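K.L.:
Provided below: target-v4.cif, containing mmCIF, C-alpha atoms.
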```cif
data_work
loop_
_atom_site.label_atom_id
_atom_site.label_comp_id
_atom_site.auth_asym_id
_atom_site.auth_seq_id
_atom_site.Cartn_x
_atom_site.Cartn_y
_atom_site.Cartn_z
CA MET A 1 0.00 0.00 0.00
CA GLN A 2 2.98 2.26 -0.54
CA SER A 3 1.05 4.47 -2.95
CA LEU A 4 -1.31 5.40 -0.12
CA TRP A 5 1.45 5.97 2.44
CA ASN A 6 3.13 8.35 0.01
CA ARG A 7 0.06 10.59 0.31
CA PHE A 8 -1.50 9.98 3.73
CA ASP A 9 -0.23 10.07 7.32
CA ARG A 10 -3.02 7.96 8.77
CA ILE A 11 -5.49 5.53 7.25
CA ILE A 12 -8.70 4.85 9.17
CA ILE A 13 -10.73 1.87 7.99
CA PHE A 14 -14.23 1.79 9.43
CA ASP A 15 -17.51 -0.06 9.24
CA THR A 16 -21.04 0.40 10.56
CA GLU A 17 -23.82 -1.93 11.56
CA THR A 18 -27.23 -0.29 11.25
CA THR A 19 -30.94 -0.83 11.79
CA GLY A 20 -31.65 -0.53 8.05
CA VAL A 21 -30.47 1.00 4.80
CA GLU A 22 -31.83 4.57 4.89
CA PRO A 23 -29.39 6.83 6.76
CA GLU A 24 -31.90 9.65 7.31
CA ARG A 25 -34.29 7.31 9.11
CA GLU A 26 -32.23 4.45 10.52
CA CYS A 27 -29.57 4.26 13.24
CA ILE A 28 -26.01 3.06 13.62
CA ILE A 29 -25.94 0.38 16.29
CA GLU A 30 -22.25 -0.47 16.05
CA LEU A 31 -19.31 1.60 14.82
CA GLY A 32 -15.86 0.09 14.47
CA ALA A 33 -12.56 1.28 13.06
CA VAL A 34 -8.86 0.57 12.96
CA ALA A 35 -6.25 3.29 12.48
CA LEU A 36 -3.02 2.59 10.63
CA GLU A 37 0.17 4.62 10.59
CA ALA A 38 3.28 3.67 8.62
CA GLY A 39 1.60 0.40 7.71
CA ALA A 40 0.89 -0.75 11.27
CA GLU A 41 -2.28 -0.68 13.37
CA THR A 42 -1.92 2.00 16.03
CA SER A 43 -5.40 2.07 17.52
CA CYS A 44 -8.73 0.29 17.42
CA PHE A 45 -12.22 1.59 18.09
CA ASN A 46 -15.42 -0.39 18.50
CA ARG A 47 -18.62 0.74 20.16
CA LEU A 48 -22.15 -0.50 20.42
CA ILE A 49 -24.59 2.43 20.42
CA ARG A 50 -27.80 2.49 22.40
CA LEU A 51 -31.03 2.76 20.44
CA PRO A 52 -33.00 6.00 20.67
CA GLU A 53 -35.98 5.79 22.95
CA GLY A 54 -38.89 4.05 21.26
CA ARG A 55 -36.76 2.36 18.58
CA SER A 56 -36.40 -1.39 18.23
CA LEU A 57 -34.17 -3.73 16.26
CA PRO A 58 -35.70 -5.46 13.24
CA PRO A 59 -35.43 -9.25 13.60
CA PHE A 60 -33.40 -9.60 10.41
CA ILE A 61 -30.74 -7.27 11.83
CA VAL A 62 -30.52 -9.40 14.96
CA ASP A 63 -30.17 -12.49 12.77
CA LEU A 64 -27.53 -10.84 10.55
CA THR A 65 -25.32 -9.32 13.25
CA GLY A 66 -26.13 -11.26 16.40
CA ILE A 67 -26.59 -7.91 18.18
CA THR A 68 -29.64 -7.79 20.44
CA GLU A 69 -31.61 -4.97 22.05
CA ALA A 70 -30.59 -6.27 25.46
CA GLN A 71 -26.94 -6.11 24.45
CA LEU A 72 -27.29 -2.53 23.21
CA ALA A 73 -29.01 -1.51 26.44
CA ALA A 74 -26.37 -3.16 28.63
CA GLU A 75 -23.18 -2.45 26.66
CA GLY A 76 -24.04 0.44 24.37
CA VAL A 77 -22.83 4.03 24.75
CA SER A 78 -24.65 7.19 23.73
CA GLN A 79 -24.52 8.47 20.18
CA ASN A 80 -22.71 11.63 21.32
CA GLU A 81 -20.02 9.62 23.13
CA ALA A 82 -19.37 7.31 20.19
CA ALA A 83 -19.32 10.25 17.76
CA ALA A 84 -16.70 12.11 19.79
CA GLU A 85 -14.51 9.01 20.15
CA PHE A 86 -14.65 8.30 16.43
CA CYS A 87 -13.74 11.86 15.49
CA ALA A 88 -10.72 11.66 17.78
CA LEU A 89 -9.26 9.12 15.34
CA LEU A 90 -9.06 11.88 12.72
CA GLU A 91 -7.19 14.29 14.99
CA GLY A 92 -3.45 14.75 14.76
CA ALA A 93 -3.10 13.49 11.21
CA GLY A 94 -2.18 16.03 8.58
CA ARG A 95 -3.50 13.91 5.74
CA PRO A 96 -5.99 11.26 6.92
CA LEU A 97 -7.69 8.81 4.58
CA LEU A 98 -11.05 7.34 5.57
CA VAL A 99 -11.77 3.94 4.02
CA ALA A 100 -14.79 1.63 3.98
CA TYR A 101 -16.12 -1.21 1.86
CA ASN A 102 -19.10 0.39 0.11
CA ALA A 103 -18.05 3.74 1.51
CA GLN A 104 -21.00 5.64 0.04
CA PHE A 105 -23.31 3.70 2.39
CA ASP A 106 -21.16 4.02 5.49
CA LEU A 107 -20.24 7.67 4.95
CA ASN A 108 -23.88 8.63 4.53
CA PHE A 109 -24.71 6.93 7.81
CA LEU A 110 -21.67 8.51 9.47
CA PHE A 111 -22.71 12.00 8.37
CA TYR A 112 -26.18 11.67 9.88
CA PHE A 113 -24.65 10.05 12.97
CA LEU A 114 -22.21 12.91 13.61
CA ARG A 115 -24.53 15.79 12.71
CA PRO A 116 -26.66 15.87 15.91
CA SER A 117 -23.45 16.24 17.96
CA GLY A 118 -22.23 19.09 15.75
CA LEU A 119 -19.33 16.94 14.56
CA ALA A 120 -20.17 16.40 10.89
CA GLY A 121 -17.55 19.02 10.00
CA ALA A 122 -14.88 16.47 10.94
CA LEU A 123 -15.61 14.77 7.62
CA ARG A 124 -14.22 17.78 5.73
CA LYS A 125 -10.66 16.86 6.74
CA PRO A 126 -10.11 13.35 5.34
CA ARG A 127 -10.05 12.07 1.81
CA PHE A 128 -12.18 9.01 1.07
CA LEU A 129 -11.48 5.62 -0.46
CA ASP A 130 -14.10 3.03 -1.38
CA ALA A 131 -12.58 -0.46 -1.28
CA LEU A 132 -15.65 -1.79 -3.14
CA THR A 133 -14.91 0.48 -6.11
CA VAL A 134 -11.38 -0.93 -6.31
CA TYR A 135 -12.61 -4.50 -6.02
CA ARG A 136 -15.20 -4.04 -8.78
CA ASP A 137 -12.35 -2.91 -11.02
CA ARG A 138 -10.51 -6.17 -10.27
CA ARG A 139 -13.09 -8.97 -10.18
CA ASP A 140 -16.44 -10.02 -11.64
CA TYR A 141 -19.79 -9.96 -9.81
CA PRO A 142 -20.73 -10.79 -7.02
CA HIS A 143 -19.06 -8.01 -5.05
CA LYS A 144 -19.93 -8.50 -1.38
CA LEU A 145 -17.10 -8.28 1.15
CA CYS A 146 -17.29 -12.04 1.69
CA ASP A 147 -16.81 -12.54 -2.07
CA ALA A 148 -13.73 -10.31 -2.05
CA ILE A 149 -12.28 -12.21 0.91
CA ALA A 150 -12.74 -15.50 -0.96
CA ALA A 151 -11.42 -14.14 -4.26
CA TYR A 152 -8.11 -13.17 -2.63
CA GLY A 153 -7.85 -16.32 -0.53
CA LEU A 154 -8.10 -14.44 2.75
CA GLU A 155 -10.48 -16.79 4.57
CA GLY A 156 -7.86 -17.76 7.14
CA GLU A 157 -7.11 -14.19 8.18
CA ALA A 158 -10.29 -12.19 7.52
CA VAL A 159 -13.98 -12.71 8.15
CA ASN A 160 -17.10 -10.85 7.02
CA SER A 161 -18.93 -11.38 10.33
CA HIS A 162 -21.26 -8.36 10.06
CA ARG A 163 -19.65 -6.99 13.21
CA ALA A 164 -18.08 -3.59 12.66
CA VAL A 165 -14.47 -4.00 13.78
CA ASP A 166 -14.21 -7.48 12.23
CA ASP A 167 -15.35 -6.15 8.87
CA ALA A 168 -13.02 -3.15 9.17
CA ARG A 169 -10.06 -5.47 9.78
CA ALA A 170 -11.18 -7.67 6.88
CA THR A 171 -11.12 -4.57 4.67
CA VAL A 172 -7.55 -3.86 5.80
CA ARG A 173 -6.47 -7.34 4.68
CA LEU A 174 -8.32 -6.86 1.39
CA LEU A 175 -6.61 -3.53 0.73
CA GLU A 176 -3.23 -5.13 1.35
CA ALA A 177 -4.03 -7.97 -1.04
CA MET A 178 -5.26 -5.63 -3.76
CA ALA A 179 -2.20 -3.41 -3.34
CA ALA A 180 0.08 -6.44 -3.66
CA GLU A 181 -1.70 -7.27 -6.91
CA ARG A 182 -1.44 -3.72 -8.29
CA ASP A 183 -0.60 -0.76 -6.10
CA ASP A 184 -2.70 1.94 -7.69
CA LEU A 185 -4.98 2.45 -4.69
CA ASP A 186 -4.08 6.13 -4.41
CA ARG A 187 -5.72 6.73 -7.79
CA TYR A 188 -9.11 5.82 -6.26
CA ALA A 189 -9.03 8.49 -3.54
CA ASP A 190 -12.30 10.46 -3.73
CA LEU A 191 -13.45 8.38 -6.72
CA PHE A 192 -16.53 6.21 -6.23
CA GLY A 193 -17.94 3.87 -8.83
CA VAL A 194 -21.72 3.82 -9.17
CA HIS A 195 -24.24 1.55 -10.86
CA PRO A 196 -24.46 2.49 -14.57
CA LYS A 197 -28.27 2.38 -14.50
CA TYR A 198 -29.25 3.51 -11.00
CA GLY A 199 -26.54 6.06 -10.26
CA VAL A 200 -25.61 7.38 -6.82
CA SER A 201 -27.36 5.91 -3.80
CA GLY A 202 -27.97 8.39 -1.01
CA ARG A 203 -26.57 11.86 -0.41
CA LYS A 204 -23.72 12.91 -2.71
CA ILE A 205 -20.42 13.76 -1.03
CA ALA A 206 -19.13 17.09 -2.32
CA SER A 207 -15.46 16.08 -2.48
CA VAL A 208 -16.13 12.78 -4.28
CA THR A 209 -16.18 12.23 -8.03
CA TYR A 210 -18.84 9.69 -9.02
CA CYS A 211 -18.41 7.67 -12.19
CA ALA A 212 -20.52 4.91 -13.72
CA GLN A 213 -18.63 1.65 -13.26
CA PRO A 214 -19.57 -0.92 -15.90
CA TYR A 215 -19.28 -4.65 -15.30
CA GLN A 216 -16.89 -4.95 -18.26
CA ARG A 217 -13.45 -4.01 -16.95
CA SER A 218 -11.68 -2.58 -19.99
CA VAL A 219 -9.72 0.14 -18.18
CA PRO A 220 -9.46 1.18 -14.52
CA LEU A 221 -12.15 3.57 -13.41
CA TYR A 222 -9.65 6.40 -12.84
CA GLU A 223 -8.56 6.21 -16.48
CA ARG A 224 -12.18 6.36 -17.61
CA THR A 225 -12.72 9.43 -15.40
CA ALA A 226 -9.50 11.08 -16.58
CA SER A 227 -10.48 10.71 -20.23
CA ARG A 228 -13.83 12.39 -19.54
CA GLN A 229 -12.04 15.25 -17.79
CA GLY A 230 -9.63 15.80 -20.64
CA GLY A 231 -6.80 13.56 -19.48
CA GLY A 232 -6.20 15.02 -16.01
CA ALA A 233 -5.29 12.82 -13.10
CA THR A 234 -7.93 11.93 -10.54
#
```
Let me see the file written as structure tokens.

P.N.:
Amino acid sequence: MQSLWNRFDRIIIFDTETTGVEPERECIIELGAVALEAGAETSCFNRLIRLPEGRSLPPFIVDLTGITEAQLAAEGVSQNEAAAEFCALLEGAGRPLLVAYNAQFDLNFLFYFLRPSGLAGALRKPRFLDALTVYRDRRDYPHKLCDAIAAYGLEGEAVNSHRAVDDARATVRLLEAMAAERDDLDRYADLFGVHPKYGVSGRKIASVTYCAQPYQRSVPLYERTASRQGGGAT
């Protein structure tokens, strides 16, 4: 991942577990992240977040994650506390990179999670990398995190458990494997691939360039974007 370390002081890989898929209406119930510096993990963050009063967990979320309402009530922290702890990961780094697998989804949830605490401005500092966009440039459908783990033979060291910090660490291993294959990850900073037919899902991120990502991988997405912009680098 040398191409990333040439540009960024700290890389934070994060994941969310939520009550649903609509960030304006649903809640984050678990937020996990690992911070890397100079290629090594320097800190780890994982919090369960209590449900707002009157909210309940859909049964399919309990089945998917194993997280229960009783667990959230007993072990969860407040949204404000978790938001402040997460933002602390971004402090002290001159050039942080925030990474997730399907980052458009997680960043939308993170924005609405941080906003009530007045902390959404912390997202202006980092650049963003979507590991899913990179993976779709490398391998055929299907493109779930578990598929990526299997495609790179990472089953013995990574697991898509649908628990936040596990999935964040799995994304770290995936990034390392993709960089070993071709270390052009820096070219995907602030470049998100979107479905050619359905476009962007959720709120657009101002600093991100969105580009239709076809299933046929003729050229990397950053070359496709550069040609549309007159040959400039992404």

K.L.:
For Glu41 of chain A, which residue among A:Leu64, A:Arg173, A:Lys125, A:Arg25 is the nearest when counting all atoms listed in the file?

P.N.:
A:Arg173

K.L.:
For atom CA of Ala103 of chain A and atom CA of Pro23 of chain A, determine how far apart the two atoms are, in Å to one decimal place.

P.N.:
12.9 Å

K.L.:
Calculated over all atoms listed in the file, which of the candidates A:Ser43, A:Thr209, A:Ser117, A:Asn108 has the smallest distance to Thr18 of chain A?

P.N.:
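Among the listed residues, the smallest separation from Thr18 of chain A belongs to A:Asn108.
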
K.L.:
Give me, as a PyMOL selection string, all polymer residues having an atom no more than 7 Å from Glu30 of chain A, counting only C-alpha atoms and skipping those fewer than 3 positions away in the same chain.

P.N.:
chain A and resi 16-18+47-49+164

K.L.:
Take atom CA of Leu119 of chain A and atom CA of Arg50 of chain A and report the distance between them in Å, one decimal.

P.N.:
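Separating atom CA of Leu119 of chain A from atom CA of Arg50 of chain A is a distance of 18.5 Å.
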
K.L.:
Determine the residue membership of the PyMOL selection byres ((chain A and resi 80) around 9) for the file above and supply it as an MDAnalysis selection string.

P.N.:
chainID A and resid 77:79 81:85 113:114 116:117

K.L.:
Using all atoms listed in the file, pick whichever of A:Gln213, A:Glu69, A:Tyr222, A:Ala38 has the shortest atom-to-atom distance to Gly54 of chain A.

P.N.:
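Checking each of A:Gln213, A:Glu69, A:Tyr222, A:Ala38 against Gly54 of chain A, counting all atoms listed in the file, the winner is A:Glu69.
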
K.L.:
Looking at all atoms listed in the file, which of A:Arg115, A:Ser161, A:Phe8, A:Leu107 is the one that sits closest to Gly66 of chain A?

P.N.:
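Of the candidates, the smallest distance to Gly66 of chain A is held by A:Ser161.
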
K.L.:
A:Asn102, A:Thr42, A:Asn160, A:Thr68: which is nearest Arg136 of chain A, counting only C-alpha atoms?

P.N.:
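Checking each candidate against Arg136 of chain A, we get A:Asn102 as the closest.
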
K.L.:
Find the spatial neighbours of Gln216 of chain A, counting all atoms listed in the file, within a cut-off of 12 Å - ignore same-chain residues fewer than 5 positions away - and output them as an mmCIF file with C-alpha atoms, in the coordinates of the input.

P.N.:
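As a result, selection-v9.cif now contains:
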```cif
data_model
loop_
_atom_site.group_PDB
_atom_site.id
_atom_site.type_symbol
_atom_site.label_atom_id
_atom_site.label_comp_id
_atom_site.auth_asym_id
_atom_site.auth_seq_id
_atom_site.Cartn_x
_atom_site.Cartn_y
_atom_site.Cartn_z
ATOM 1 C CA ARG A 136 -15.200 -4.040 -8.780
ATOM 2 C CA ASP A 137 -12.350 -2.910 -11.020
ATOM 3 C CA ARG A 138 -10.510 -6.170 -10.270
ATOM 4 C CA ARG A 139 -13.090 -8.970 -10.180
ATOM 5 C CA ASP A 140 -16.440 -10.020 -11.640
ATOM 6 C CA TYR A 141 -19.790 -9.960 -9.810
ATOM 7 C CA PRO A 196 -24.460 2.490 -14.570
ATOM 8 C CA LEU A 221 -12.150 3.570 -13.410
#
```

K.L.:
What do you get, as a list in words, if you spell out every residue that the PyMOL selection byres ((chain A and resi 178-192) around 8) selects here?

P.N.:
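Evaluating the PyMOL selection byres ((chain A and resi 178-192) around 8) on this file yields Met1, Gln2, Ser3, Leu4, Arg7, Gln104, Arg127, Phe128, Leu129, Asp130, Thr133, Val134, Tyr135, Leu174, Leu175, Glu176, Ala177, Gly193, Val194, Ser207, Val208, Thr209, Tyr210, Cys211, Tyr222 and Thr234 of chain A.
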
K.L.:
Since fewer atoms than expected are present, regenerate all heavy atoms for segment 153-164 of chain A and write them as a JSON list (two decimals), in the frame of the given file.

P.N.:
```json
[["chain", "number", "residue", "atom", "x", "y", "z"],
["A", 153, "GLY", "N", -8.34, -15.25, -1.37],
["A", 153, "GLY", "CA", -7.85, -16.32, -0.53],
["A", 153, "GLY", "C", -7.53, -15.89, 0.89],
["A", 153, "GLY", "O", -6.56, -16.38, 1.49],
["A", 154, "LEU", "N", -8.37, -15.01, 1.44],
["A", 154, "LEU", "CA", -8.10, -14.44, 2.75],
["A", 154, "LEU", "C", -8.92, -15.07, 3.87],
["A", 154, "LEU", "O", -8.97, -14.56, 4.98],
["A", 154, "LEU", "CB", -8.38, -12.93, 2.73],
["A", 154, "LEU", "CG", -7.58, -12.10, 1.72],
["A", 154, "LEU", "CD1", -8.08, -10.66, 1.69],
["A", 154, "LEU", "CD2", -6.10, -12.14, 2.06],
["A", 155, "GLU", "N", -9.56, -16.20, 3.59],
["A", 155, "GLU", "CA", -10.48, -16.79, 4.57],
["A", 155, "GLU", "C", -9.81, -17.10, 5.90],
["A", 155, "GLU", "O", -10.45, -17.04, 6.95],
["A", 155, "GLU", "CB", -11.11, -18.06, 4.01],
["A", 155, "GLU", "CG", -12.02, -17.84, 2.81],
["A", 155, "GLU", "CD", -11.30, -18.06, 1.49],
["A", 155, "GLU", "OE1", -10.07, -17.85, 1.45],
["A", 155, "GLU", "OE2", -11.96, -18.45, 0.51],
["A", 156, "GLY", "N", -8.54, -17.42, 5.90],
["A", 156, "GLY", "CA", -7.86, -17.76, 7.14],
["A", 156, "GLY", "C", -7.46, -16.58, 7.99],
["A", 156, "GLY", "O", -7.10, -16.75, 9.16],
["A", 157, "GLU", "N", -7.54, -15.37, 7.44],
["A", 157, "GLU", "CA", -7.11, -14.19, 8.18],
["A", 157, "GLU", "C", -8.13, -13.06, 8.20],
["A", 157, "GLU", "O", -7.89, -12.02, 8.82],
["A", 157, "GLU", "CB", -5.80, -13.67, 7.60],
["A", 157, "GLU", "CG", -5.85, -13.41, 6.10],
["A", 157, "GLU", "CD", -4.48, -13.09, 5.52],
["A", 157, "GLU", "OE1", -3.93, -12.04, 5.90],
["A", 157, "GLU", "OE2", -3.97, -13.89, 4.72],
["A", 158, "ALA", "N", -9.26, -13.23, 7.56],
["A", 158, "ALA", "CA", -10.29, -12.19, 7.52],
["A", 158, "ALA", "C", -11.65, -12.84, 7.49],
["A", 158, "ALA", "O", -11.83, -13.92, 6.91],
["A", 158, "ALA", "CB", -10.12, -11.29, 6.29],
["A", 159, "VAL", "N", -12.62, -12.17, 8.12],
["A", 159, "VAL", "CA", -13.98, -12.71, 8.15],
["A", 159, "VAL", "C", -14.98, -11.57, 8.00],
["A", 159, "VAL", "O", -14.81, -10.50, 8.58],
["A", 159, "VAL", "CB", -14.24, -13.49, 9.46],
["A", 159, "VAL", "CG1", -14.06, -12.60, 10.68],
["A", 159, "VAL", "CG2", -15.63, -14.11, 9.46],
["A", 160, "ASN", "N", -16.00, -11.81, 7.19],
["A", 160, "ASN", "CA", -17.10, -10.85, 7.02],
["A", 160, "ASN", "C", -18.21, -11.27, 7.99],
["A", 160, "ASN", "O", -19.16, -11.94, 7.63],
["A", 160, "ASN", "CB", -17.58, -10.90, 5.58],
["A", 160, "ASN", "CG", -18.73, -9.95, 5.28],
["A", 160, "ASN", "OD1", -19.42, -10.11, 4.28],
["A", 160, "ASN", "ND2", -18.94, -8.93, 6.11],
["A", 161, "SER", "N", -18.05, -10.90, 9.26],
["A", 161, "SER", "CA", -18.93, -11.38, 10.33],
["A", 161, "SER", "C", -20.15, -10.51, 10.53],
["A", 161, "SER", "O", -21.02, -10.84, 11.33],
["A", 161, "SER", "CB", -18.15, -11.43, 11.65],
["A", 161, "SER", "OG", -17.83, -10.12, 12.09],
["A", 162, "HIS", "N", -20.21, -9.36, 9.83],
["A", 162, "HIS", "CA", -21.26, -8.36, 10.06],
["A", 162, "HIS", "C", -21.17, -7.81, 11.48],
["A", 162, "HIS", "O", -22.19, -7.43, 12.06],
["A", 162, "HIS", "CB", -22.64, -8.91, 9.75],
["A", 162, "HIS", "CG", -22.80, -9.32, 8.31],
["A", 162, "HIS", "ND1", -22.90, -8.41, 7.29],
["A", 162, "HIS", "CD2", -22.86, -10.55, 7.74],
["A", 162, "HIS", "CE1", -23.01, -9.05, 6.14],
["A", 162, "HIS", "NE2", -22.99, -10.35, 6.39],
["A", 163, "ARG", "N", -19.97, -7.75, 12.01],
["A", 163, "ARG", "CA", -19.65, -6.99, 13.21],
["A", 163, "ARG", "C", -18.61, -5.96, 12.78],
["A", 163, "ARG", "O", -17.68, -6.26, 12.03],
["A", 163, "ARG", "CB", -19.14, -7.88, 14.33],
["A", 163, "ARG", "CG", -20.20, -8.85, 14.86],
["A", 163, "ARG", "CD", -21.43, -8.13, 15.42],
["A", 163, "ARG", "NE", -21.10, -7.23, 16.51],
["A", 163, "ARG", "CZ", -21.16, -7.56, 17.81],
["A", 163, "ARG", "NH1", -21.53, -8.78, 18.15],
["A", 163, "ARG", "NH2", -20.88, -6.67, 18.74],
["A", 164, "ALA", "N", -18.77, -4.74, 13.27],
["A", 164, "ALA", "CA", -18.08, -3.59, 12.66],
["A", 164, "ALA", "C", -16.56, -3.72, 12.64],
["A", 164, "ALA", "O", -15.93, -3.55, 11.59],
["A", 164, "ALA", "CB", -18.51, -2.31, 13.38]]
```
